[in-house]
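Reproduced below: target-v5.pdb, with PDB, C-alpha atoms and all ligand atoms.
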```
ATOM      1  CA  MET A 210     -20.281  -7.519 -16.373  1.00  0.00           C
ATOM      2  CA  LEU A 211     -17.535  -4.931 -16.248  1.00  0.00           C
ATOM      3  CA  SER A 212     -17.364  -2.248 -18.914  1.00  0.00           C
ATOM      4  CA  ASP A 213     -14.133  -2.156 -20.925  1.00  0.00           C
ATOM      5  CA  ASN A 214     -13.274   1.109 -19.209  1.00  0.00           C
ATOM      6  CA  MET A 215     -13.778  -0.270 -15.736  1.00  0.00           C
ATOM      7  CA  GLN A 216     -11.955  -3.495 -16.556  1.00  0.00           C
ATOM      8  CA  GLU A 217      -8.958  -1.534 -17.787  1.00  0.00           C
ATOM      9  CA  ALA A 218      -9.036   0.701 -14.711  1.00  0.00           C
ATOM     10  CA  PHE A 219      -9.260  -2.300 -12.342  1.00  0.00           C
ATOM     11  CA  ASN A 220      -6.344  -3.971 -14.127  1.00  0.00           C
ATOM     12  CA  ARG A 221      -4.340  -0.763 -13.803  1.00  0.00           C
ATOM     13  CA  GLN A 222      -5.060  -0.654 -10.082  1.00  0.00           C
ATOM     14  CA  LEU A 223      -4.138  -4.344  -9.737  1.00  0.00           C
ATOM     15  CA  ASN A 224      -0.747  -3.408 -11.186  1.00  0.00           C
ATOM     16  CA  ALA A 225      -0.433  -0.300  -8.985  1.00  0.00           C
ATOM     17  CA  GLU A 226      -1.043  -2.370  -5.853  1.00  0.00           C
ATOM     18  CA  MET A 227       1.616  -4.845  -7.024  1.00  0.00           C
ATOM     19  CA  PHE A 228       3.985  -1.920  -7.438  1.00  0.00           C
ATOM     20  CA  SER A 229       3.161  -0.792  -3.893  1.00  0.00           C
ATOM     21  CA  ALA A 230       4.080  -4.284  -2.666  1.00  0.00           C
ATOM     22  CA  TYR A 231       7.354  -4.084  -4.587  1.00  0.00           C
ATOM     23  CA  LEU A 232       8.108  -0.611  -3.250  1.00  0.00           C
ATOM     24  CA  TYR A 233       7.525  -1.599   0.377  1.00  0.00           C
ATOM     25  CA  LEU A 234       9.500  -4.812  -0.025  1.00  0.00           C
ATOM     26  CA  SER A 235      12.359  -2.709  -1.389  1.00  0.00           C
ATOM     27  CA  MET A 236      12.075  -0.433   1.644  1.00  0.00           C
ATOM     28  CA  SER A 237      12.089  -3.524   3.869  1.00  0.00           C
ATOM     29  CA  ALA A 238      15.295  -4.713   2.211  1.00  0.00           C
ATOM     30  CA  TRP A 239      16.862  -1.281   2.736  1.00  0.00           C
ATOM     31  CA  PHE A 240      15.995  -1.397   6.445  1.00  0.00           C
ATOM     32  CA  GLU A 241      17.492  -4.908   6.668  1.00  0.00           C
ATOM     33  CA  GLY A 242      20.670  -3.485   5.182  1.00  0.00           C
ATOM     34  CA  ILE A 243      21.008  -0.895   7.954  1.00  0.00           C
ATOM     35  CA  ASN A 244      19.940  -3.311  10.697  1.00  0.00           C
ATOM     36  CA  LEU A 245      16.643  -1.697  11.607  1.00  0.00           C
ATOM     37  CA  LYS A 246      14.929  -5.065  11.788  1.00  0.00           C
ATOM     38  CA  GLY A 247      11.659  -3.807  13.275  1.00  0.00           C
ATOM     39  CA  MET A 248      11.127  -1.345  10.431  1.00  0.00           C
ATOM     40  CA  ALA A 249      12.098  -4.083   7.982  1.00  0.00           C
ATOM     41  CA  THR A 250       9.380  -6.302   9.458  1.00  0.00           C
ATOM     42  CA  TRP A 251       6.809  -3.493   9.349  1.00  0.00           C
ATOM     43  CA  MET A 252       7.558  -2.857   5.690  1.00  0.00           C
ATOM     44  CA  LYS A 253       7.496  -6.548   4.787  1.00  0.00           C
ATOM     45  CA  PHE A 254       4.023  -6.903   6.290  1.00  0.00           C
ATOM     46  CA  GLN A 255       3.010  -3.713   4.491  1.00  0.00           C
ATOM     47  CA  ALA A 256       4.163  -5.341   1.238  1.00  0.00           C
ATOM     48  CA  GLN A 257       2.058  -8.413   2.047  1.00  0.00           C
ATOM     49  CA  GLU A 258      -0.977  -6.187   2.597  1.00  0.00           C
ATOM     50  CA  GLU A 259      -0.434  -4.565  -0.780  1.00  0.00           C
ATOM     51  CA  LEU A 260      -0.280  -7.963  -2.411  1.00  0.00           C
ATOM     52  CA  MET A 261      -3.664  -8.701  -0.842  1.00  0.00           C
ATOM     53  CA  HIS A 262      -5.026  -5.426  -2.189  1.00  0.00           C
ATOM     54  CA  SER A 263      -3.839  -6.463  -5.620  1.00  0.00           C
ATOM     55  CA  LEU A 264      -5.498  -9.872  -5.283  1.00  0.00           C
ATOM     56  CA  LYS A 265      -8.759  -8.201  -4.301  1.00  0.00           C
ATOM     57  CA  PHE A 266      -8.814  -6.538  -7.722  1.00  0.00           C
ATOM     58  CA  TYR A 267      -7.768  -9.817  -9.343  1.00  0.00           C
ATOM     59  CA  ASP A 268     -10.708 -11.633  -7.712  1.00  0.00           C
ATOM     60  CA  GLN A 269     -13.142  -8.808  -8.359  1.00  0.00           C
ATOM     61  CA  ILE A 270     -12.341  -8.669 -12.080  1.00  0.00           C
ATOM     62  CA  HIS A 271     -13.082 -12.398 -12.344  1.00  0.00           C
ATOM     63  CA  GLU A 272     -16.219 -12.197 -10.215  1.00  0.00           C
ATOM     64  CA  ARG A 273     -17.561  -9.531 -12.554  1.00  0.00           C
ATOM     65  CA  GLY A 274     -16.910 -11.692 -15.620  1.00  0.00           C
ATOM     66  CA  GLY A 275     -13.903  -9.650 -16.730  1.00  0.00           C
ATOM     67  CA  THR A 276     -10.428 -10.559 -17.928  1.00  0.00           C
ATOM     68  CA  VAL A 277      -7.311 -10.054 -15.868  1.00  0.00           C
ATOM     69  CA  ALA A 278      -4.407  -8.635 -17.859  1.00  0.00           C
ATOM     70  CA  LEU A 279      -1.150  -8.690 -15.937  1.00  0.00           C
ATOM     71  CA  THR A 280       1.465  -6.188 -17.025  1.00  0.00           C
ATOM     72  CA  ALA A 281       5.084  -5.482 -16.068  1.00  0.00           C
ATOM     73  CA  VAL A 282       5.644  -4.065 -12.618  1.00  0.00           C
ATOM     74  CA  ASP A 283       8.045  -1.107 -12.495  1.00  0.00           C
ATOM     75  CA  ALA A 284      11.275  -1.507 -10.540  1.00  0.00           C
ATOM     76  CA  PRO A 285      11.060   0.356  -7.222  1.00  0.00           C
ATOM     77  CA  GLN A 286      13.585   2.763  -5.740  1.00  0.00           C
ATOM     78  CA  THR A 287      16.262   0.937  -3.739  1.00  0.00           C
ATOM     79  CA  GLU A 288      18.031   3.657  -1.722  1.00  0.00           C
ATOM     80  CA  TRP A 289      16.799   6.311   0.686  1.00  0.00           C
ATOM     81  CA  ALA A 290      18.586   9.091   2.554  1.00  0.00           C
ATOM     82  CA  SER A 291      17.305   8.159   6.026  1.00  0.00           C
ATOM     83  CA  PRO A 292      14.612   6.162   7.869  1.00  0.00           C
ATOM     84  CA  LEU A 293      12.542   9.354   8.006  1.00  0.00           C
ATOM     85  CA  ALA A 294      12.865   9.718   4.208  1.00  0.00           C
ATOM     86  CA  VAL A 295      11.480   6.195   3.795  1.00  0.00           C
ATOM     87  CA  PHE A 296       8.360   6.907   5.823  1.00  0.00           C
ATOM     88  CA  GLU A 297       7.884  10.283   4.147  1.00  0.00           C
ATOM     89  CA  ALA A 298       8.020   8.478   0.801  1.00  0.00           C
ATOM     90  CA  THR A 299       5.514   5.950   2.147  1.00  0.00           C
ATOM     91  CA  TYR A 300       3.094   8.693   3.183  1.00  0.00           C
ATOM     92  CA  GLU A 301       3.490  10.406  -0.178  1.00  0.00           C
ATOM     93  CA  HIS A 302       2.930   7.129  -2.004  1.00  0.00           C
ATOM     94  CA  GLU A 303      -0.231   6.382  -0.030  1.00  0.00           C
ATOM     95  CA  GLN A 304      -1.613   9.813  -0.903  1.00  0.00           C
ATOM     96  CA  LYS A 305      -1.084   8.964  -4.575  1.00  0.00           C
ATOM     97  CA  VAL A 306      -2.876   5.659  -4.111  1.00  0.00           C
ATOM     98  CA  THR A 307      -5.777   7.457  -2.428  1.00  0.00           C
ATOM     99  CA  ALA A 308      -6.058   9.716  -5.485  1.00  0.00           C
ATOM    100  CA  MET A 309      -6.125   6.630  -7.734  1.00  0.00           C
ATOM    101  CA  ILE A 310      -8.876   5.030  -5.649  1.00  0.00           C
ATOM    102  CA  ASN A 311     -10.861   8.277  -5.740  1.00  0.00           C
ATOM    103  CA  ASP A 312     -10.559   8.323  -9.541  1.00  0.00           C
ATOM    104  CA  LEU A 313     -11.894   4.777  -9.663  1.00  0.00           C
ATOM    105  CA  VAL A 314     -14.828   5.768  -7.464  1.00  0.00           C
ATOM    106  CA  ASP A 315     -15.511   8.719  -9.800  1.00  0.00           C
ATOM    107  CA  LEU A 316     -15.496   6.330 -12.754  1.00  0.00           C
ATOM    108  CA  SER A 317     -17.913   3.952 -11.018  1.00  0.00           C
ATOM    109  CA  ILE A 318     -20.278   6.882 -10.433  1.00  0.00           C
ATOM    110  CA  ALA A 319     -19.933   8.130 -14.020  1.00  0.00           C
ATOM    111  CA  GLU A 320     -20.774   4.642 -15.274  1.00  0.00           C
ATOM    112  CA  SER A 321     -23.496   4.003 -12.653  1.00  0.00           C
ATOM    113  CA  ASP A 322     -21.612   0.827 -11.766  1.00  0.00           C
ATOM    114  CA  HIS A 323     -22.986   0.294  -8.256  1.00  0.00           C
ATOM    115  CA  ALA A 324     -21.197  -3.033  -7.762  1.00  0.00           C
ATOM    116  CA  ALA A 325     -17.832  -1.436  -8.516  1.00  0.00           C
ATOM    117  CA  ASN A 326     -18.724   1.450  -6.239  1.00  0.00           C
ATOM    118  CA  ALA A 327     -19.587  -0.918  -3.362  1.00  0.00           C
ATOM    119  CA  PHE A 328     -16.383  -2.893  -3.932  1.00  0.00           C
ATOM    120  CA  LEU A 329     -14.293   0.285  -3.912  1.00  0.00           C
ATOM    121  CA  GLN A 330     -15.704   1.571  -0.618  1.00  0.00           C
ATOM    122  CA  TRP A 331     -13.480  -0.891   1.270  1.00  0.00           C
ATOM    123  CA  PHE A 332     -10.466   0.755  -0.363  1.00  0.00           C
ATOM    124  CA  VAL A 333     -11.735   4.244   0.473  1.00  0.00           C
ATOM    125  CA  SER A 334     -11.733   3.336   4.181  1.00  0.00           C
ATOM    126  CA  GLU A 335      -8.479   1.426   3.912  1.00  0.00           C
ATOM    127  CA  GLN A 336      -6.728   4.469   2.446  1.00  0.00           C
ATOM    128  CA  VAL A 337      -7.726   6.565   5.452  1.00  0.00           C
ATOM    129  CA  GLU A 338      -5.976   3.990   7.656  1.00  0.00           C
ATOM    130  CA  GLU A 339      -2.971   3.687   5.363  1.00  0.00           C
ATOM    131  CA  GLU A 340      -2.368   7.432   5.272  1.00  0.00           C
ATOM    132  CA  ASP A 341      -2.916   7.772   9.008  1.00  0.00           C
ATOM    133  CA  ALA A 342      -0.449   4.973   9.813  1.00  0.00           C
ATOM    134  CA  ALA A 343       2.286   6.348   7.553  1.00  0.00           C
ATOM    135  CA  ASN A 344       1.788   9.935   8.688  1.00  0.00           C
ATOM    136  CA  GLY A 345       1.807   8.855  12.335  1.00  0.00           C
ATOM    137  CA  ILE A 346       5.235   7.276  11.908  1.00  0.00           C
ATOM    138  CA  VAL A 347       6.549  10.332  10.018  1.00  0.00           C
ATOM    139  CA  GLU A 348       5.453  12.598  12.887  1.00  0.00           C
ATOM    140  CA  GLN A 349       7.058  10.309  15.477  1.00  0.00           C
ATOM    141  CA  MET A 350      10.325  10.198  13.544  1.00  0.00           C
ATOM    142  CA  LYS A 351      10.360  13.991  13.215  1.00  0.00           C
ATOM    143  CA  LEU A 352       9.917  14.316  16.962  1.00  0.00           C
ATOM    144  CA  ILE A 353      12.924  12.156  17.789  1.00  0.00           C
ATOM    145  CA  GLY A 354      15.265  13.962  15.385  1.00  0.00           C
ATOM    146  CA  ASP A 355      18.800  12.542  15.713  1.00  0.00           C
ATOM    147  CA  ASP A 356      18.164  10.627  18.945  1.00  0.00           C
ATOM    148  CA  ARG A 357      19.459   7.130  18.106  1.00  0.00           C
ATOM    149  CA  GLY A 358      18.108   5.597  21.303  1.00  0.00           C
ATOM    150  CA  ALA A 359      14.619   6.774  20.419  1.00  0.00           C
ATOM    151  CA  LEU A 360      15.081   5.480  16.869  1.00  0.00           C
ATOM    152  CA  PHE A 361      15.792   2.000  18.201  1.00  0.00           C
ATOM    153  CA  MET A 362      12.733   2.237  20.443  1.00  0.00           C
ATOM    154  CA  ILE A 363      10.533   3.067  17.452  1.00  0.00           C
ATOM    155  CA  ASP A 364      12.206   0.232  15.571  1.00  0.00           C
ATOM    156  CA  ARG A 365      11.279  -2.183  18.343  1.00  0.00           C
ATOM    157  CA  GLU A 366       7.737  -0.851  18.442  1.00  0.00           C
ATOM    158  CA  LEU A 367       7.244  -1.171  14.668  1.00  0.00           C
ATOM    159  CA  GLY A 368       8.644  -4.682  14.828  1.00  0.00           C
ATOM    160  CA  GLN A 369       5.603  -5.669  16.938  1.00  0.00           C
ATOM    161  CA  ARG A 370       3.376  -5.347  13.891  1.00  0.00           C
ATOM    162  CA  VAL A 371       1.349  -8.494  13.376  1.00  0.00           C
ATOM    163  CA  ALA A 372       1.428 -10.326  10.045  1.00  0.00           C
ATOM    164  CA  PRO A 373      -1.672  -9.711   7.931  1.00  0.00           C
ATOM    165  CA  PRO A 374      -3.981 -12.723   7.620  1.00  0.00           C
ATOM    166  CA  ALA A 375      -3.427 -14.935   4.590  1.00  0.00           C
ATOM    167  CA  GLY A 376      -5.938 -14.667   1.768  1.00  0.00           C
ATOM    168  CA  THR A 377      -8.085 -11.734   0.750  1.00  0.00           C
ATOM    169  CA  ALA A 378     -11.568 -12.462   2.109  1.00  0.00           C
ATOM    170  CA  GLU A 379     -11.239 -10.893   5.540  1.00  0.00           C
ATOM    171  CA  GLU A 380      -9.141  -7.907   4.537  1.00  0.00           C
TER     172      GLU A 380
HETATM  173 FE1  LIG B 401      -2.996  -0.613  -1.319  1.00  0.00          FE
HETATM  174 FE2  LIG B 401      -1.310   1.037   0.629  1.00  0.00          FE
HETATM  175  O1  LIG B 401      -2.603   1.004  -0.685  1.00  0.00           O
END
```
Show how you would write the structure in this file as structure tokens.
Ligand code: FEO
Amino acid sequence: MLSDNMQEAFNRQLNAEMFSAYLYLSMSAWFEGINLKGMATWMKFQAQEELMHSLKFYDQIHERGGTVALTAVDAPQTEWASPLAVFEATYEHEQKVTAMINDLVDLSIAESDHAANAFLQWFVSEQVEEEDAANGIVEQMKLIGDDRGALFMIDRELGQRVAPPAGTAEE
């Protein structure tokens, strides 16, 4: 059984992951608008991954005998100054999410909730990957500067991203 504290925190994270999905879908739409289709695809799949993260919390709350409480999802930003600005915002956002996950881990330790702690370890590892992926793209984009040819090459490369598997079990 989840404590009230932990249940509230898990519900908050469920919402935060939904917001991440919304944010990345908004970024995907922005890329569509400027015809960088590969980046649009990358961001759409990123949004799908975030939805899966959210559903992991949804399932976990139920598995622990808790109650899911869905709340309004904030509207995301819709405009960015440049493709680089989008990926910088992505990296920044992922760092915030990592801090949220770390706070949840701290709470699980404070409450001696070993099940919550075990559940959260997947997210701890996932955040390392998420930050690394976003930062890697930021560094690449900084390297190319104003080279439009190189931008289209990165766009093509990012468009190769494979769709995340449906469901939450294997993620
Ligand atoms: Fe669900 Fe990108 O953190």
Using all atoms listed in the file, determine which residues fall within 6 Å of ligand LIG 401 (chain B), then list them as a PyMOL selection string.
-> chain A and resi 226+259+262+303+306+339
Closest atom pairs, residues of segment 295-358 of chain A within 9 Å of segment 218-222 of chain A, all atoms listed in the file, as a tab-separated table:
```
residue	atom	partner	partner_atom	distance
A:Val306	CA	A:Gln222	CA	9.0
A:Met309	CA	A:Gln222	CA	7.7
A:Ile310	CA	A:Gln222	CA	8.2
A:Leu313	CA	A:Ala218	CA	7.1
A:Leu316	CA	A:Ala218	CA	8.8
```
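Distances from A:Met227, A:Ala281, A:Ala324, A:Leu245 to Arg365 of chain A were compared using all atoms listed in the file, and the smallest one belongs to A:Leu245.
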State, in Å with one decimal place, the distance from atom CA of Ser237 of chain A to atom CA of Val295 of chain A.
-> 9.7 Å
Expressed in Å to a single decimal, how great is the separation between atom CA of Ala225 of chain A and atom CA of Phe240 of chain A?
->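 Straight-line distance from atom CA of Ala225 of chain A to atom CA of Phe240 of chain A works out to 22.6 Å.
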When distances are computed from only C-alpha atoms, which of A:Leu279, A:Ile270, A:Leu360, A:Ala230 shows the smallest separation from Glu258 of chain A?
->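 When distances to Glu258 of chain A are compared using only C-alpha atoms, the smallest one comes from A:Ala230.
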How far is it from atom CA of Asn326 of chain A to atom CA of Glu217 of chain A, in Å with one decimal?
-> 15.4 Å
List every protein, DNA or RNA residue that has at least one atom no more than 10 Å from (13.6, 2.9, -6.4) in the file's coordinates, counting all atoms listed in the file, and write the result as a list in words.
->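 Protein, DNA and RNA residues close to (13.6, 2.9, -6.4): Tyr231, Leu232, Ser235, Met236, Asp283, Ala284, Pro285, Gln286, Thr287, Glu288 and Trp289 of chain A.
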Nearby residues (all atoms listed in the file) at most 12 Å from Gln269 of chain A, same-chain spacing under 3 positions excluded, as a ChimeraX atom specification = /A:210-211,215-216,219-220,222-223,262-266,272-277,324-329,377-378
Pick from A:Ser321, A:Gln304, A:Asn344, A:Gln255: nearest to Tyr233 of chain A, with only C-alpha atoms counted?
-> A:Gln255
Using all atoms listed in the file, pick whichever of A:Ser291, A:Thr250, A:Thr299, A:Gln330 has the shortest atom-to-atom distance to Gln369 of chain A.
-> A:Thr250
Counting all atoms listed in the file, which of A:Asp322, A:Trp331, A:Pro292, A:Val337 gets nearest to Asp355 of chain A?
-> A:Pro292
On this structure, which residues satisfy the PyMOL selection byres (((chain A and resi 372) around 9) and not hetatm), written as JSON, numbers by chain?
-> {"A": [250, 251, 253, 254, 255, 257, 258, 370, 371, 373, 374, 375]}
